[in-house]
$ cat work.cif   # mmCIF, C-alpha atoms
data_protein
#
loop_
_atom_site.label_atom_id
_atom_site.label_comp_id
_atom_site.auth_asym_id
_atom_site.auth_seq_id
_atom_site.Cartn_x
_atom_site.Cartn_y
_atom_site.Cartn_z
CA MET A 1 28.96 -49.62 -3.38
CA PHE A 2 29.25 -46.45 -1.28
CA LYS A 3 25.48 -46.22 -0.78
CA ARG A 4 25.36 -49.85 0.33
CA ARG A 5 28.22 -49.34 2.82
CA LEU A 6 26.55 -46.16 4.09
CA ALA A 7 23.23 -48.00 4.54
CA ILE A 8 24.93 -50.83 6.45
CA THR A 9 26.78 -48.36 8.68
CA ALA A 10 23.59 -46.42 9.37
CA SER A 11 21.76 -49.65 10.18
CA VAL A 12 24.46 -50.77 12.62
CA LEU A 13 24.54 -47.37 14.32
CA LEU A 14 20.75 -47.29 14.61
CA SER A 15 20.79 -50.78 16.09
CA LEU A 16 23.42 -49.76 18.66
CA ILE A 17 21.65 -46.55 19.55
CA THR A 18 18.34 -48.28 20.15
CA SER A 19 19.85 -51.18 22.13
CA ILE A 20 22.11 -49.15 24.43
CA PRO A 21 19.36 -47.68 26.64
CA ALA A 22 17.73 -51.11 27.11
CA ALA A 23 21.05 -52.74 28.02
CA MET A 24 21.88 -49.93 30.42
CA ALA A 25 18.43 -50.08 32.04
CA GLN A 26 18.82 -53.81 32.61
CA GLY A 27 22.28 -53.30 34.11
CA ARG A 28 23.78 -55.77 31.66
CA ALA A 29 27.53 -56.21 31.67
CA ASP A 30 27.64 -56.00 27.87
CA ALA A 31 26.28 -52.45 27.90
CA PRO A 32 28.88 -50.13 26.38
CA ASP A 33 30.32 -47.22 28.32
CA VAL A 34 28.50 -44.11 27.20
CA THR A 35 29.51 -40.61 28.17
CA MET A 36 27.16 -37.80 27.34
CA TYR A 37 27.96 -34.19 28.08
CA GLU A 38 25.66 -31.34 28.74
CA ILE A 39 26.50 -28.57 26.26
CA GLY A 40 27.15 -26.21 29.16
CA GLN A 41 30.00 -28.44 30.34
CA THR A 42 31.83 -27.94 27.07
CA VAL A 43 32.07 -24.17 27.49
CA LEU A 44 33.69 -21.89 30.04
CA LYS A 45 31.57 -18.76 30.50
CA ILE A 46 32.68 -15.82 32.62
CA GLY A 47 30.88 -12.50 33.07
CA LEU A 48 32.64 -9.17 32.80
CA MET A 49 33.07 -7.47 36.15
CA ASP A 50 30.80 -4.46 36.65
CA ASN A 51 33.59 -1.93 36.15
CA VAL A 52 34.87 -3.57 32.91
CA SER A 53 33.47 -2.40 29.59
CA PRO A 54 33.51 -4.68 26.54
CA ASP A 55 36.23 -2.49 25.00
CA ASP A 56 38.29 -2.73 28.21
CA ALA A 57 37.90 -6.53 28.10
CA ILE A 58 39.11 -6.65 24.51
CA ALA A 59 42.12 -4.46 25.28
CA ALA A 60 43.00 -6.61 28.32
CA MET A 61 42.70 -9.86 26.35
CA ASN A 62 44.84 -8.57 23.51
CA SER A 63 47.47 -7.26 25.91
CA LYS A 64 47.59 -10.53 27.84
CA ALA A 65 47.87 -12.50 24.59
CA VAL A 66 50.87 -10.41 23.51
CA GLU A 67 52.47 -10.92 26.92
CA LEU A 68 52.02 -14.70 26.52
CA ASN A 69 53.27 -14.71 22.93
CA MET A 70 49.85 -15.85 21.69
CA LYS A 71 49.04 -14.36 18.31
CA LEU A 72 45.64 -12.85 17.57
CA VAL A 73 45.06 -14.64 14.27
CA GLY A 74 41.43 -13.72 13.74
CA HIS A 75 38.75 -11.30 14.82
CA GLN A 76 35.16 -11.49 13.67
CA ASN A 77 32.90 -8.64 14.64
CA VAL A 78 29.64 -10.43 13.92
CA SER A 79 27.36 -7.72 15.30
CA ALA A 80 29.07 -4.99 13.25
CA GLU A 81 28.67 -7.13 10.13
CA LEU A 82 24.97 -7.61 10.83
CA GLU A 83 24.45 -3.93 11.61
CA GLY A 84 26.21 -3.13 8.32
CA ARG A 85 23.48 -5.17 6.64
CA GLY A 86 20.79 -3.20 8.45
CA LEU A 87 20.05 -5.91 11.03
CA GLU A 88 19.89 -5.13 14.73
CA SER A 89 22.14 -7.34 16.82
CA PRO A 90 23.47 -7.61 20.36
CA ARG A 91 27.24 -7.32 20.52
CA LEU A 92 29.03 -10.45 19.40
CA GLU A 93 32.73 -10.61 18.60
CA ILE A 94 34.97 -13.65 18.25
CA PHE A 95 38.70 -13.49 18.92
CA GLN A 96 40.99 -16.28 17.75
CA PHE A 97 44.37 -16.87 19.37
CA CYS A 98 47.16 -19.25 18.35
CA ARG A 99 50.83 -19.98 18.70
CA PRO A 100 51.64 -21.49 15.29
CA GLU A 101 54.57 -23.54 16.60
CA ASP A 102 52.30 -25.32 19.07
CA ALA A 103 49.50 -25.70 16.53
CA ILE A 104 51.67 -27.60 14.06
CA LYS A 105 52.97 -29.92 16.80
CA MET A 106 49.42 -30.90 17.71
CA VAL A 107 48.33 -31.37 14.09
CA ARG A 108 51.39 -33.46 13.25
CA PHE A 109 50.41 -35.76 16.09
CA ASN A 110 46.78 -36.00 14.97
CA THR A 111 45.06 -33.85 12.36
CA ILE A 112 41.83 -33.87 14.37
CA TYR A 113 43.28 -31.12 16.58
CA ALA A 114 43.05 -28.72 13.64
CA ALA A 115 39.29 -28.64 14.19
CA TYR A 116 39.88 -26.99 17.58
CA MET A 117 42.20 -24.32 16.22
CA PRO A 118 42.64 -21.51 16.63
CA CYS A 119 41.52 -21.14 20.23
CA ALA A 120 38.54 -18.80 20.29
CA ILE A 121 37.04 -16.49 22.89
CA ALA A 122 33.67 -14.93 22.16
CA LEU A 123 32.48 -11.64 23.63
CA VAL A 124 28.69 -12.02 23.88
CA GLU A 125 25.96 -9.65 25.00
CA ASP A 126 22.99 -11.54 26.43
CA SER A 127 19.32 -10.55 26.24
CA ASP A 128 19.65 -8.61 29.53
CA GLY A 129 22.53 -6.51 28.20
CA ARG A 130 25.16 -8.33 30.30
CA PHE A 131 28.48 -9.17 28.68
CA TRP A 132 30.17 -12.55 28.83
CA LEU A 133 33.39 -14.09 27.59
CA GLU A 134 33.06 -17.69 26.46
CA MET A 135 35.50 -20.33 25.23
CA LEU A 136 35.69 -24.09 24.83
CA ASN A 137 36.43 -26.00 28.00
CA LEU A 138 39.85 -27.18 26.84
CA ASP A 139 40.13 -29.55 29.81
CA MET A 140 37.60 -31.80 28.10
CA ILE A 141 39.71 -31.97 24.95
CA ILE A 142 42.95 -32.48 26.85
CA ASN A 143 41.47 -35.30 28.92
CA ALA A 144 39.66 -36.97 26.03
CA TYR A 145 42.75 -38.28 24.26
CA GLU A 146 46.03 -39.59 25.60
CA LEU A 147 48.89 -37.42 24.41
CA PRO A 148 52.63 -38.01 24.60
CA PRO A 149 54.12 -36.15 27.59
CA ASP A 150 55.57 -33.27 25.54
CA LEU A 151 52.25 -32.63 23.78
CA GLN A 152 50.34 -33.03 27.05
CA ALA A 153 52.54 -30.27 28.50
CA THR A 154 51.91 -28.11 25.42
CA ALA A 155 48.14 -28.59 25.66
CA ILE A 156 48.10 -27.81 29.38
CA THR A 157 50.20 -24.69 28.78
CA ILE A 158 47.88 -23.46 26.02
CA ASN A 159 44.88 -24.10 28.26
CA GLY A 160 46.47 -22.10 31.08
CA GLU A 161 47.30 -19.25 28.73
CA MET A 162 43.77 -19.15 27.32
CA LEU A 163 42.43 -19.08 30.88
CA SER A 164 44.80 -16.16 31.62
CA ILE A 165 43.54 -14.32 28.53
CA ILE A 166 39.85 -14.80 29.33
CA THR A 167 40.43 -13.87 33.01
CA ALA A 168 42.28 -10.71 31.98
CA GLY A 169 39.33 -9.78 29.80
CA ALA A 170 36.71 -10.43 32.47
CA THR A 171 38.60 -8.51 35.15
CA GLY A 172 40.13 -5.84 32.94
CA ASN A 173 43.53 -6.66 34.48
CA PHE A 174 46.55 -7.33 32.32
#

$ encode --input "work.cif" --output "structure tokens"
Amino acid sequence: MFKRRLAITASVLLSLITSIPAAMAQGRADAPDVTMYEIGQTVLKIGLMDNVSPDDAIAAMNSKAVELNMKLVGHQNVSAELEGRGLESPRLEIFQFCRPEDAIKMVRFNTIYAAYMPCAIALVEDSDGRFWLEMLNLDMIINAYELPPDLQATAITINGEMLSIITAGATGNF
């Protein structure tokens, strides 16, 4: 039964996917609205200022998070883990921030928000040795789903706080 339902669903999706471009090309009114995003639009990427070391950026982010009552709930030092295994790696660390009270409000409204938690900022060294801070573009998530006013305010506040944290890291100011 499940396999049959899966096959039917796959068939319908394949049919839609193959018919959408033709309908759009013909300018037909029955063409569905399709929004596709470039992966770069889903991420905010900011370079560290020249006078800011990666360790300075980390200290500034952590300090700003404390100031904003955002808890550092996770830290993954990926490059250190790889180096511990004998593998060479550019620097890569992931910092996860959360305010549990806000997290549970969002998840009670819709469990799908759990997939975006906790809010993460990655410290990444590129192939030229330049350091970047990167995080999800939370505006896209906030604007993608209509929230009740109190949760909209919560989401906008979290977004602003994450932007403050990433900016503190990039500038070394906290």

$ closest_residue --input "work.cif" --among "A:Tyr145, A:Phe131, A:Phe97, A:Tyr116" --to "Ala57 (chain A)" --atoms "all atoms listed in the file"
A:Phe131

$ closest_residue --input "work.cif" --among "A:Asp50, A:Glu125, A:Glu93, A:Glu134" --to "Ile166 (chain A)" --atoms "all atoms listed in the file"
A:Glu134

$ closest_residue --input "work.cif" --among "A:Leu68, A:Ala80, A:Met140, A:Ile58" --to "Gly40 (chain A)" --atoms "only C-alpha atoms"
A:Met140

$ closest_residue --input "work.cif" --among "A:Thr42, A:Thr171, A:Asn62, A:Thr111" --to "Leu136 (chain A)" --atoms "all atoms listed in the file"
A:Thr42

$ resolve_selection --input "work.cif" --expression "the PyMOL selection byres ((chain A and resi 173) around 12)" --output "ChimeraX atom specification"
/A:48-49,51-53,56-64,164-172,174

$ residues_around --input "work.cif" --residues "region 69-72 of chain A" --least-positions-apart "6" --cutoff "7 Å" --atoms "all atoms listed in the file" --output "PyMOL selection string"
chain A and resi 96-99

$ residues_around --input "work.cif" --residues "Asp139 (chain A)" --least-positions-apart "6" --cutoff "12 Å" --atoms "all atoms listed in the file" --output "CSV table (one decimal) with C-alpha atoms, keeping the file's coordinate frame"
chain,number,residue,atom,x,y,z
A,41,GLN,CA,30.0,-28.4,30.3
A,42,THR,CA,31.8,-27.9,27.1
A,43,VAL,CA,32.1,-24.2,27.5
A,44,LEU,CA,33.7,-21.9,30.0
A,145,TYR,CA,42.8,-38.3,24.3
A,152,GLN,CA,50.3,-33.0,27.0
A,155,ALA,CA,48.1,-28.6,25.7
A,156,ILE,CA,48.1,-27.8,29.4
A,157,THR,CA,50.2,-24.7,28.8
A,158,ILE,CA,47.9,-23.5,26.0
A,159,ASN,CA,44.9,-24.1,28.3
A,160,GLY,CA,46.5,-22.1,31.1
A,162,MET,CA,43.8,-19.2,27.3
A,163,LEU,CA,42.4,-19.1,30.9

$ atom_distance --input "work.cif" --atom1 "CA of Asp126 (chain A)" --atom2 "CA of Lys45 (chain A)"
11.9 Å
